[in-house]
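Listing of structure-v4.txt, compact mmCIF, C-alpha atoms
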```
# COMPACT_ATOMS: atom_id res chain seq x y z
CA MET A 1 150.75 134.44 82.61
CA THR A 2 147.91 133.71 85.02
CA THR A 3 146.64 130.55 86.58
CA THR A 4 143.63 128.77 85.17
CA ASP A 5 141.49 129.93 88.08
CA GLU A 6 142.67 133.51 87.67
CA ALA A 7 142.14 133.67 83.93
CA THR A 8 139.31 135.91 82.85
CA HIS A 9 137.30 134.50 79.97
CA THR A 10 135.25 136.97 77.96
CA GLY A 11 132.81 136.65 75.14
CA GLY A 12 130.60 134.05 76.84
CA PRO A 13 126.82 134.13 76.77
CA SER A 14 124.97 136.62 78.95
CA PRO A 15 123.30 135.43 82.18
CA PHE A 16 119.90 135.82 80.47
CA ARG A 17 120.96 133.62 77.57
CA ARG A 18 122.40 131.01 79.92
CA LEU A 19 119.13 130.99 81.90
CA TRP A 20 117.11 130.70 78.70
CA ARG A 21 119.23 127.77 77.52
CA ILE A 22 118.75 125.98 80.85
CA VAL A 23 114.99 126.53 80.75
CA ALA A 24 114.74 125.49 77.10
CA ALA A 25 116.81 122.36 77.73
CA ASN A 26 114.63 121.37 80.68
CA VAL A 27 111.39 121.96 78.75
CA THR A 28 112.70 119.99 75.78
CA SER A 29 113.77 117.14 78.04
CA ALA A 30 110.35 117.08 79.71
CA LEU A 31 108.61 116.84 76.34
CA LEU A 32 110.70 114.00 75.01
CA TRP A 33 108.83 110.87 74.05
CA PRO A 34 109.68 108.73 77.13
CA ARG A 35 108.17 111.34 79.44
CA LEU A 36 105.18 111.84 77.17
CA GLN A 37 104.68 108.07 76.93
CA LEU A 38 104.79 107.76 80.73
CA ALA A 39 102.27 110.58 81.07
CA LEU A 40 99.86 108.96 78.60
CA LYS A 41 100.10 105.61 80.36
CA ALA A 42 99.60 107.26 83.75
CA GLY A 43 96.46 108.95 82.45
CA LEU A 44 95.19 105.68 80.99
CA ALA A 45 95.85 103.78 84.22
CA ALA A 46 94.19 106.44 86.37
CA GLY A 47 91.13 106.47 84.10
CA ILE A 48 90.77 102.68 84.16
CA ALA A 49 91.24 102.56 87.94
CA PHE A 50 88.58 105.22 88.49
CA ALA A 51 86.21 103.39 86.14
CA ILE A 52 86.40 100.14 88.11
CA ALA A 53 86.52 101.76 91.55
CA PRO A 54 82.68 101.91 92.03
CA PHE A 55 82.50 98.15 91.57
CA MET A 56 84.69 97.39 94.57
CA PRO A 57 82.87 95.33 97.25
CA GLY A 58 81.27 96.72 100.38
CA SER A 59 82.33 100.07 101.79
CA ALA A 60 85.31 100.28 99.45
CA ALA A 61 82.99 101.62 96.73
CA ASP A 62 82.56 104.77 98.85
CA TYR A 63 86.19 105.75 98.31
CA PRO A 64 86.69 105.58 94.51
CA TYR A 65 89.20 108.46 94.40
CA TYR A 66 91.93 106.31 95.97
CA ALA A 67 92.02 103.92 93.00
CA PRO A 68 93.48 106.44 90.50
CA LEU A 69 95.89 107.56 93.22
CA GLY A 70 97.14 103.97 93.50
CA ALA A 71 97.54 103.80 89.72
CA LEU A 72 99.68 106.93 89.72
CA VAL A 73 101.77 105.65 92.62
CA ALA A 74 102.63 102.48 90.69
CA MET A 75 103.43 104.27 87.44
CA TYR A 76 107.21 104.18 87.05
CA GLU A 77 109.63 104.53 84.14
CA ASN A 78 110.19 100.78 83.96
CA VAL A 79 108.17 97.64 84.69
CA ALA A 80 110.33 96.31 87.50
CA GLY A 81 110.25 99.71 89.15
CA SER A 82 106.44 99.78 88.92
CA MET A 83 106.17 96.43 90.64
CA ARG A 84 108.66 97.32 93.34
CA GLN A 85 107.16 100.75 93.99
CA GLY A 86 103.60 99.41 94.07
CA VAL A 87 104.38 96.63 96.53
CA GLN A 88 106.41 98.94 98.76
CA THR A 89 103.60 101.50 98.79
CA LEU A 90 101.00 98.92 99.82
CA ALA A 91 103.33 97.66 102.54
CA GLY A 92 103.74 101.20 103.84
CA LEU A 93 99.98 101.76 103.78
CA ALA A 94 99.33 98.55 105.72
CA ILE A 95 101.89 99.51 108.38
CA GLY A 96 100.39 102.98 108.67
CA VAL A 97 96.85 101.66 109.02
CA GLY A 98 97.99 99.22 111.68
CA LEU A 99 99.69 102.05 113.54
CA ALA A 100 96.47 104.06 113.52
CA PHE A 101 94.50 101.15 114.92
CA VAL A 102 96.93 100.91 117.80
CA LEU A 103 95.97 104.46 118.68
CA PHE A 104 92.23 103.70 118.45
CA ILE A 105 92.73 100.81 120.86
CA LEU A 106 94.21 103.27 123.34
CA GLY A 107 91.24 105.63 123.03
CA SER A 108 90.01 108.60 121.04
CA PRO A 109 92.67 110.60 119.19
CA THR A 110 94.08 113.60 121.02
CA PRO A 111 96.77 116.08 119.96
CA LEU A 112 99.25 114.21 122.12
CA THR A 113 98.43 110.72 120.82
CA VAL A 114 98.31 111.92 117.20
CA GLY A 115 101.76 113.44 117.65
CA VAL A 116 103.08 110.24 119.18
CA VAL A 117 101.64 108.13 116.33
CA MET A 118 103.16 110.43 113.72
CA ALA A 119 106.51 110.20 115.47
CA PHE A 120 106.32 106.40 115.43
CA GLY A 121 105.30 106.56 111.78
CA VAL A 122 108.42 108.49 110.91
CA ILE A 123 110.54 106.01 112.88
CA LEU A 124 108.97 103.06 111.08
CA ALA A 125 109.60 104.83 107.75
CA GLY A 126 113.26 104.10 108.37
CA LEU A 127 112.71 100.36 108.09
CA PRO A 128 115.10 98.69 105.59
CA LYS A 129 113.80 97.80 102.13
CA ILE A 130 110.56 99.74 102.60
CA GLY A 131 111.58 102.06 99.75
CA ALA A 132 108.70 104.06 98.29
CA GLY A 133 106.43 102.93 101.14
CA ARG A 134 108.32 104.93 103.74
CA ASP A 135 106.42 108.17 103.06
CA TRP A 136 103.06 106.40 103.15
CA ILE A 137 103.37 105.05 106.70
CA PRO A 138 102.68 108.33 108.55
CA THR A 139 100.36 109.48 105.75
CA ALA A 140 98.14 106.40 105.98
CA ALA A 141 98.06 106.58 109.77
CA LEU A 142 97.02 110.24 109.65
CA LEU A 143 94.31 109.60 107.04
CA VAL A 144 92.79 106.82 109.10
CA LEU A 145 92.82 109.04 112.18
CA LEU A 146 91.42 112.16 110.58
CA VAL A 147 89.35 110.93 107.61
CA GLY A 148 88.24 107.57 108.98
CA GLY A 149 86.37 109.34 111.75
CA HIS A 150 83.91 107.08 113.52
CA ASN A 151 84.28 104.28 110.94
CA PRO A 152 88.00 103.54 110.82
CA ASP A 153 87.36 99.89 109.95
CA GLN A 154 85.34 100.69 106.84
CA PHE A 155 87.65 103.50 105.77
CA SER A 156 90.79 101.38 106.18
CA PHE A 157 89.24 98.51 104.23
CA GLY A 158 88.14 100.81 101.40
CA TYR A 159 91.40 102.75 101.40
CA LEU A 160 93.61 99.66 101.15
CA LEU A 161 91.39 97.88 98.65
CA GLN A 162 91.07 100.87 96.30
CA MET A 163 94.79 101.65 96.50
CA GLY A 164 95.56 97.99 95.85
CA ALA A 165 93.26 97.94 92.84
CA GLY A 166 94.85 101.12 91.49
CA VAL A 167 98.37 99.78 92.01
CA THR A 168 97.42 96.58 90.17
CA VAL A 169 96.00 98.56 87.25
CA GLY A 170 99.10 100.75 87.10
CA ILE A 171 101.43 97.75 87.00
CA LEU A 172 99.36 96.00 84.33
CA VAL A 173 99.21 99.10 82.12
CA ASN A 174 102.95 99.62 82.41
CA LEU A 175 103.54 95.94 81.65
CA LEU A 176 101.17 95.60 78.69
CA VAL A 177 101.20 99.02 77.01
CA PHE A 178 104.59 99.50 75.33
CA PRO A 179 106.77 98.77 78.37
CA PRO A 180 109.74 101.08 77.86
CA LEU A 181 113.25 99.96 76.93
CA HIS A 182 115.96 102.59 77.23
CA PHE A 183 118.62 100.85 75.17
CA ARG A 184 118.89 103.56 72.54
CA ALA A 185 119.60 106.28 75.10
CA ALA A 186 122.43 104.22 76.58
CA GLU A 187 123.92 103.55 73.14
CA LEU A 188 123.80 107.22 72.16
CA SER A 189 125.26 108.44 75.45
CA ILE A 190 128.21 106.06 75.13
CA ALA A 191 128.88 107.21 71.56
CA GLU A 192 128.58 110.89 72.50
CA LEU A 193 131.04 110.58 75.37
CA ARG A 194 133.57 108.81 73.14
CA LEU A 195 133.32 111.64 70.61
CA ALA A 196 133.56 114.28 73.35
CA LEU A 197 136.76 112.70 74.67
CA ALA A 198 138.20 112.52 71.16
CA GLN A 199 137.27 116.17 70.58
CA GLN A 200 139.01 117.17 73.79
CA LEU A 201 142.22 115.50 72.62
CA TRP A 202 141.95 117.15 69.19
CA ASP A 203 141.41 120.58 70.75
CA MET A 204 144.37 120.20 73.08
CA ALA A 205 146.50 119.05 70.14
CA LYS A 206 145.46 122.17 68.26
CA ALA A 207 146.41 124.32 71.25
CA LEU A 208 149.89 122.79 71.30
CA LYS A 209 150.49 123.95 67.73
CA GLU A 210 149.30 127.52 68.37
CA GLY A 211 151.47 130.32 69.68
CA TRP A 212 151.65 130.15 73.48
CA PRO A 213 149.61 131.00 75.35
CA PRO A 214 147.07 129.47 72.92
CA GLU A 215 144.29 131.60 71.50
CA HIS A 216 141.71 128.92 72.23
CA GLU A 217 141.39 127.96 75.88
CA ASP A 218 137.83 126.65 76.19
CA TRP A 219 139.24 123.10 76.34
CA SER A 220 140.89 123.95 79.68
CA ARG A 221 137.47 124.40 81.32
CA ARG A 222 135.90 121.11 80.17
CA SER A 223 137.23 118.78 82.86
CA ALA A 224 134.14 119.09 85.06
CA ALA A 225 131.87 118.78 82.02
CA LEU A 226 133.59 115.55 80.97
CA ALA A 227 133.14 114.14 84.46
CA ALA A 228 129.45 115.10 84.40
CA SER A 229 129.07 113.43 81.01
CA ALA A 230 130.62 110.23 82.35
CA ARG A 231 128.15 110.26 85.24
CA SER A 232 125.29 110.77 82.79
CA VAL A 233 126.44 107.78 80.75
CA ARG A 234 126.48 105.61 83.88
CA LEU A 235 122.93 106.71 84.71
CA ALA A 236 121.81 105.96 81.15
CA VAL A 237 123.32 102.46 81.21
CA GLU A 238 121.84 101.71 84.63
CA LYS A 239 118.46 102.97 83.40
CA ALA A 240 118.67 100.70 80.35
CA ASP A 241 119.55 97.77 82.58
CA ALA A 242 116.58 98.45 84.87
CA SER A 243 114.19 98.86 81.93
CA ARG A 244 114.76 95.30 80.69
CA ARG A 245 113.86 93.60 83.97
CA ALA A 246 110.43 91.95 83.89
CA ASN A 247 109.94 93.54 80.46
CA PRO A 248 108.37 91.21 77.85
CA ARG A 249 109.74 93.35 74.99
CA ARG A 250 113.34 92.46 75.86
CA ARG A 251 112.96 89.24 73.86
CA LEU A 252 112.10 91.25 70.75
CA HIS A 253 114.91 93.77 71.32
CA PRO A 254 117.90 91.85 72.74
CA ARG A 255 120.90 93.87 73.87
CA ASP A 256 124.16 92.98 75.57
CA ILE A 257 123.96 95.15 78.68
CA ASP A 258 127.15 93.57 80.01
CA LEU A 259 128.95 95.04 76.99
CA ASP A 260 127.46 98.44 77.78
CA TYR A 261 128.81 98.20 81.32
CA ARG A 262 132.26 97.23 80.00
CA ASN A 263 132.22 100.16 77.60
CA LEU A 264 131.11 102.41 80.44
CA ARG A 265 133.99 101.34 82.67
CA ASP A 266 136.45 101.83 79.81
CA LEU A 267 135.10 105.32 79.11
CA GLU A 268 135.33 106.26 82.77
CA ARG A 269 139.00 105.27 82.75
CA VAL A 270 139.67 107.21 79.55
CA THR A 271 137.82 110.22 80.99
CA PHE A 272 140.12 110.16 84.01
CA HIS A 273 143.22 110.16 81.80
CA VAL A 274 141.88 112.91 79.51
CA GLN A 275 141.10 115.02 82.58
CA ASP A 276 144.64 114.45 83.80
CA VAL A 277 146.13 115.59 80.50
CA THR A 278 143.81 118.60 80.50
CA GLN A 279 144.98 119.62 83.97
CA VAL A 280 148.64 119.09 83.13
CA LEU A 281 148.47 121.24 80.00
CA SER A 282 146.42 123.93 81.74
CA ASP A 283 148.97 124.16 84.53
CA VAL A 284 151.90 124.21 82.12
CA ILE A 285 150.37 127.04 80.11
CA TRP A 286 148.75 129.27 82.71
CA ALA A 287 149.71 128.33 86.29
CA LYS A 288 152.50 130.48 87.78
CA ASP A 289 153.53 127.94 90.39
CA THR A 290 153.99 124.98 88.01
CA PRO A 291 157.68 124.32 87.25
CA PHE A 292 156.96 121.92 84.38
CA VAL A 293 157.07 122.82 80.68
CA VAL A 294 156.46 121.31 77.26
CA PRO A 295 159.67 121.95 75.31
CA ASP A 296 159.14 123.62 71.95
CA GLU A 297 160.74 120.75 70.02
CA TYR A 298 158.20 118.29 71.47
CA ALA A 299 155.05 120.39 71.08
CA ALA A 300 154.23 119.39 67.49
CA PRO A 301 154.95 115.64 67.82
CA LEU A 302 153.03 115.55 71.11
CA ALA A 303 150.10 117.22 69.35
CA ASP A 304 150.26 114.59 66.61
CA ALA A 305 150.22 111.83 69.22
CA MET A 306 147.19 113.33 70.96
CA SER A 307 145.35 113.71 67.65
CA ALA A 308 146.12 110.10 66.77
CA VAL A 309 144.69 108.86 70.07
CA GLY A 310 141.61 111.00 69.47
CA ASP A 311 141.20 109.35 66.07
CA VAL A 312 141.35 105.93 67.74
CA LEU A 313 138.59 106.86 70.20
CA ARG A 314 136.38 108.12 67.40
CA SER A 315 137.00 105.04 65.26
CA ILE A 316 135.67 102.63 67.90
CA GLN A 317 132.12 103.68 67.11
CA GLU A 318 132.35 104.82 63.52
CA GLU A 319 134.93 102.76 61.61
CA SER A 320 135.26 99.18 60.39
CA PRO A 321 137.41 96.72 62.37
CA ASP A 322 140.20 96.94 59.79
CA ARG A 323 140.23 100.72 59.90
CA ARG A 324 140.13 100.71 63.70
CA SER A 325 143.12 98.38 63.77
CA GLU A 326 144.99 100.60 61.31
CA LEU A 327 144.37 103.79 63.28
CA SER A 328 145.27 102.07 66.54
CA GLN A 329 148.57 100.84 65.13
CA GLU A 330 149.38 104.31 63.80
CA ALA A 331 148.69 105.87 67.20
CA VAL A 332 150.77 103.27 69.02
CA THR A 333 153.64 103.92 66.62
CA VAL A 334 153.47 107.69 67.10
CA VAL A 335 153.29 107.46 70.90
CA LYS A 336 156.12 104.91 71.10
CA ALA A 337 158.31 106.95 68.74
CA LEU A 338 157.91 110.11 70.80
CA THR A 339 158.46 108.18 74.03
CA ALA A 340 161.72 106.78 72.66
CA ARG A 341 162.79 110.22 71.47
CA VAL A 342 162.10 111.83 74.83
CA GLY A 343 164.05 109.10 76.58
CA ALA A 344 167.02 109.49 74.27
CA GLU A 345 167.25 113.29 74.10
CA ASP A 346 167.81 116.02 76.64
CA ALA A 347 165.52 118.98 76.09
CA ALA A 348 167.16 122.38 76.17
CA THR A 349 165.12 123.78 79.07
CA ASP A 350 165.74 124.87 82.62
CA ALA A 351 162.55 123.16 83.89
CA PRO A 352 161.41 119.53 84.00
CA SER A 353 159.29 118.33 81.09
CA ALA A 354 155.61 117.44 81.37
CA VAL A 355 155.74 115.44 78.15
CA GLU A 356 156.43 112.15 79.93
CA SER A 357 153.30 112.50 82.07
CA ILE A 358 151.14 113.19 79.02
CA LEU A 359 152.66 110.29 77.08
CA LEU A 360 151.93 107.92 79.96
CA SER A 361 148.26 108.99 79.92
CA LEU A 362 148.10 108.55 76.13
CA HIS A 363 149.58 105.07 76.44
CA ARG A 364 146.93 104.13 79.00
CA MET A 365 144.16 105.53 76.80
CA LEU A 366 145.34 103.37 73.90
CA ARG A 367 145.38 100.30 76.09
CA VAL A 368 141.79 100.92 77.18
CA ALA A 369 140.71 101.76 73.62
CA LYS A 370 142.15 98.47 72.38
CA SER A 371 140.13 96.60 74.99
CA SER A 372 136.97 98.43 73.91
CA ALA A 373 137.60 97.81 70.21
CA ASP A 374 138.23 94.10 70.80
CA SER A 375 134.85 93.73 72.52
CA MET A 376 132.88 95.39 69.70
```

Encoded form using structure tokens:
Amino acid sequence: MTTTDEATHTGGPSPFRRLWRIVAANVTSALLWPRLQLALKAGLAAGIAFAIAPFMPGSAADYPYYAPLGALVAMYENVAGSMRQGVQTLAGLAIGVGLAFVLFILGSPTPLTVGVVMAFGVILAGLPKIGAGRDWIPTAALLVLLVGGHNPDQFSFGYLLQMGAGVTVGILVNLLVFPPLHFRAAELSIAELRLALAQQLWDMAKALKEGWPPEHEDWSRRSAALAASARSVRLAVEKADASRRANPRRRLHPRDIDLDYRNLRDLERVTFHVQDVTQVLSDVIWAKDTPFVVPDEYAAPLADAMSAVGDVLRSIQEESPDRRSELSQEAVTVVKALTARVGAEDAATDAPSAVESILLSLHRMLRVAKSSADSM
């Protein structure tokens, strides 16, 4: 027997195949419709901004290339984000321009004064709530100093006006041209995590019925992956929540985001308990320094209890309310029966049993699953 960390797992993909899968996954993700839609809207906004840039008043017409830059700056994955990022950028630009004019008041730029202004720009970038504008403070100050030349007034006016026009165009395009809603991604991620947790319970149940040590041990290495999946679900729900703010399409596609957050919190709790069961079983099977065991006479009924809880998790998304209730009652019966049996019998082993710990986790999973099913 070896510990989980010491176990050598063979037959996995080669480093080249793993690298190829990572690259392919990233390329596929980049080409998904939301990214392509954002790219098309960014191109449209930049084109419109550049088309109207020559019609800006006064000296601003001499700096048309800043308008498409402003449009790109304001292009974000959701409408509220576009507005926030655009306003923060303009605020940062205004602060940076003002900082540059302070230097001009003191005299012609020198290496020392430019360095001092840049240092102050970086300090001001730490202002609270400046957000996306923080990087533009020193950038705007430097542009006014180096590009504005002998006409800093005209350059600053044109720079701010063209960037403002571009930001306005970017916000309007994002608002009016299919403003994105990420509800579907949140729904799918919640369903996928539920199924992944159910699959983990089924795989561990299968391992309990195999000869020990089990032939299949990939389930013992999924704890980190389950945690990463839970984090991904949280990001997807938060992204869906952000996408509905200031979005006119939300009235046509209503969704209960509060329910998504409740489901998310329930899944995070279930993930914790599944991870705990995974660690307990891994230690019992492979760790040399773990004194706990799963007695032979309890292995099969414990596997049945784990499978039943897995069925309950799967049913939340896929079964009718009546079927969900039936599966939940079956699982509760199985877990309670085994709990009563363990409490009434003394296992013929020289080591303490880990069954009680696993049963407690299963009981908690069922309680959370019932809460999730009741809110569907």

* Tell me, in Å to one decimal, how far atom CA of Ala205 of chain A is from atom CA of Met306 of chain A. => 5.8 Å

* Can you pull out every residue within 10 Å of Pro248 of chain A, counting all atoms listed in the file, but drop anything in the same chain fewer than 3 positions away, and send it as a ChimeraX atom specification? => /A:79,175-176,178-180,244-245,251-253

Output as CSV one row per residue of segment 254-320 of chain A within 8 Å of segment 183-204 of chain A: the closest atom pair and its distance in Å to one decimal place, counting all atoms listed in the file, sorted by chain and residue number ascending.
```
residue,atom,partner,partner_atom,distance
A:Arg255,CA,A:Phe183,CA,7.5
A:Asp260,CA,A:Ala186,CA,7.8
A:Asn263,CA,A:Ile190,CA,7.5
A:Leu264,CA,A:Ile190,CA,7.1
A:Leu267,CA,A:Arg194,CA,7.1
A:Val270,CA,A:Leu197,CA,7.9
A:Thr271,CA,A:Leu197,CA,6.9
A:Val274,CA,A:Leu197,CA,7.0
A:Thr278,CA,A:Met204,CA,7.6
A:Ala303,CA,A:Met204,CA,7.5
A:Met306,CA,A:Leu201,CA,5.7
A:Ser307,CA,A:Trp202,CA,5.1
A:Val309,CA,A:Leu201,CA,7.5
A:Gly310,CA,A:Ala198,CA,4.1
A:Asp311,CA,A:Ala198,CA,6.7
A:Leu313,CA,A:Ala198,CA,5.8
A:Arg314,CA,A:Leu195,CA,5.7
A:Gln317,CA,A:Ala191,CA,6.5
```

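Nearest to Arg222 of chain A of all the residues A:Ser156, A:Ser357, A:Gln275, A:Thr113 is A:Gln275, counting all atoms listed in the file.
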
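Atom pair atom CA of Trp286 of chain A / atom CA of Ala227 of chain A: separated by 21.8 Å.
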
Once 3 Å is added on each side, what centre and edge lengths in Å to one decimal does the axis-aligned box around all listed atoms of segment 368-373 of chain A have, as JSON?
```
{"center_x": 139.6, "center_y": 99.2, "center_z": 73.7, "size_x": 11.2, "size_y": 11.2, "size_z": 13.0}
```

* Asked: Near Val293 of chain A, within 7 Å and counting all atoms listed in the file, which residues show up once chain neighbours fewer than 5 positions away are dropped, as number ranges by chain?
  -> A: 284, 351-354

* Asked: Between atom CA of Val114 of chain A and atom CA of Asn151 of chain A, what is the distance, to one decimal in Å?
  -> 17.2 Å

* To do: Tell me, as JSON, numbers by chain, which residues lie within 10 Å of Leu360 of chain A, counting all atoms listed in the file; anything in the same chain fewer than 2 positions away does not count.
  => {"A": [273, 277, 335, 339, 355, 356, 357, 358, 362, 363, 364, 365]}

* Shell of 8 Å around Phe50 of chain A, all atoms listed in the file, local chain residues under 6 positions omitted, as a list in words ->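 The residues satisfying every condition are Pro64, Tyr65, Ala67 and Pro68 of chain A.
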
Please reconstruct the missing atoms of segment 251-264 of chain A (target: N, CA, C and O atoms) and return them as a compact mmCIF listing (two decimals), in the frame of the given file.
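Dumped to result.txt:
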```txt
# COMPACT_ATOMS: atom_id res chain seq x y z
N ARG A 251 112.72 90.36 74.76
CA ARG A 251 112.96 89.24 73.86
C ARG A 251 112.93 89.68 72.40
O ARG A 251 113.58 89.08 71.54
N LEU A 252 112.17 90.72 72.11
CA LEU A 252 112.10 91.25 70.75
C LEU A 252 113.24 92.22 70.45
O LEU A 252 113.56 92.47 69.29
N HIS A 253 113.83 92.79 71.50
CA HIS A 253 114.91 93.77 71.32
C HIS A 253 116.09 93.38 72.21
O HIS A 253 116.38 94.06 73.21
N PRO A 254 116.78 92.29 71.89
CA PRO A 254 117.90 91.85 72.74
C PRO A 254 119.05 92.84 72.69
O PRO A 254 119.32 93.47 71.66
N ARG A 255 119.73 92.99 73.82
CA ARG A 255 120.90 93.87 73.87
C ARG A 255 121.86 93.34 74.93
O ARG A 255 121.45 92.88 76.00
N ASP A 256 123.13 93.44 74.64
CA ASP A 256 124.16 92.98 75.57
C ASP A 256 124.47 94.10 76.56
O ASP A 256 125.34 94.95 76.32
N ILE A 257 123.75 94.12 77.67
CA ILE A 257 123.96 95.15 78.68
C ILE A 257 125.33 95.00 79.34
O ILE A 257 125.95 96.00 79.74
N ASP A 258 125.81 93.77 79.44
CA ASP A 258 127.15 93.57 80.01
C ASP A 258 128.21 94.29 79.18
O ASP A 258 129.17 94.85 79.73
N LEU A 259 128.03 94.30 77.85
CA LEU A 259 128.95 95.04 76.99
C LEU A 259 128.85 96.53 77.26
O LEU A 259 129.87 97.24 77.28
N ASP A 260 127.64 97.02 77.46
CA ASP A 260 127.46 98.44 77.78
C ASP A 260 128.19 98.80 79.07
O ASP A 260 128.82 99.86 79.17
N TYR A 261 128.11 97.93 80.06
CA TYR A 261 128.81 98.20 81.32
C TYR A 261 130.32 98.17 81.11
O TYR A 261 131.06 98.98 81.71
N ARG A 262 130.82 97.25 80.27
CA ARG A 262 132.26 97.23 80.00
C ARG A 262 132.70 98.50 79.28
O ARG A 262 133.74 99.09 79.61
N ASN A 263 131.90 98.92 78.30
CA ASN A 263 132.22 100.16 77.60
C ASN A 263 132.18 101.35 78.54
O ASN A 263 133.00 102.27 78.44
N LEU A 264 131.22 101.34 79.45
CA LEU A 264 131.11 102.41 80.44
C LEU A 264 132.36 102.48 81.31
O LEU A 264 132.93 103.57 81.50
```
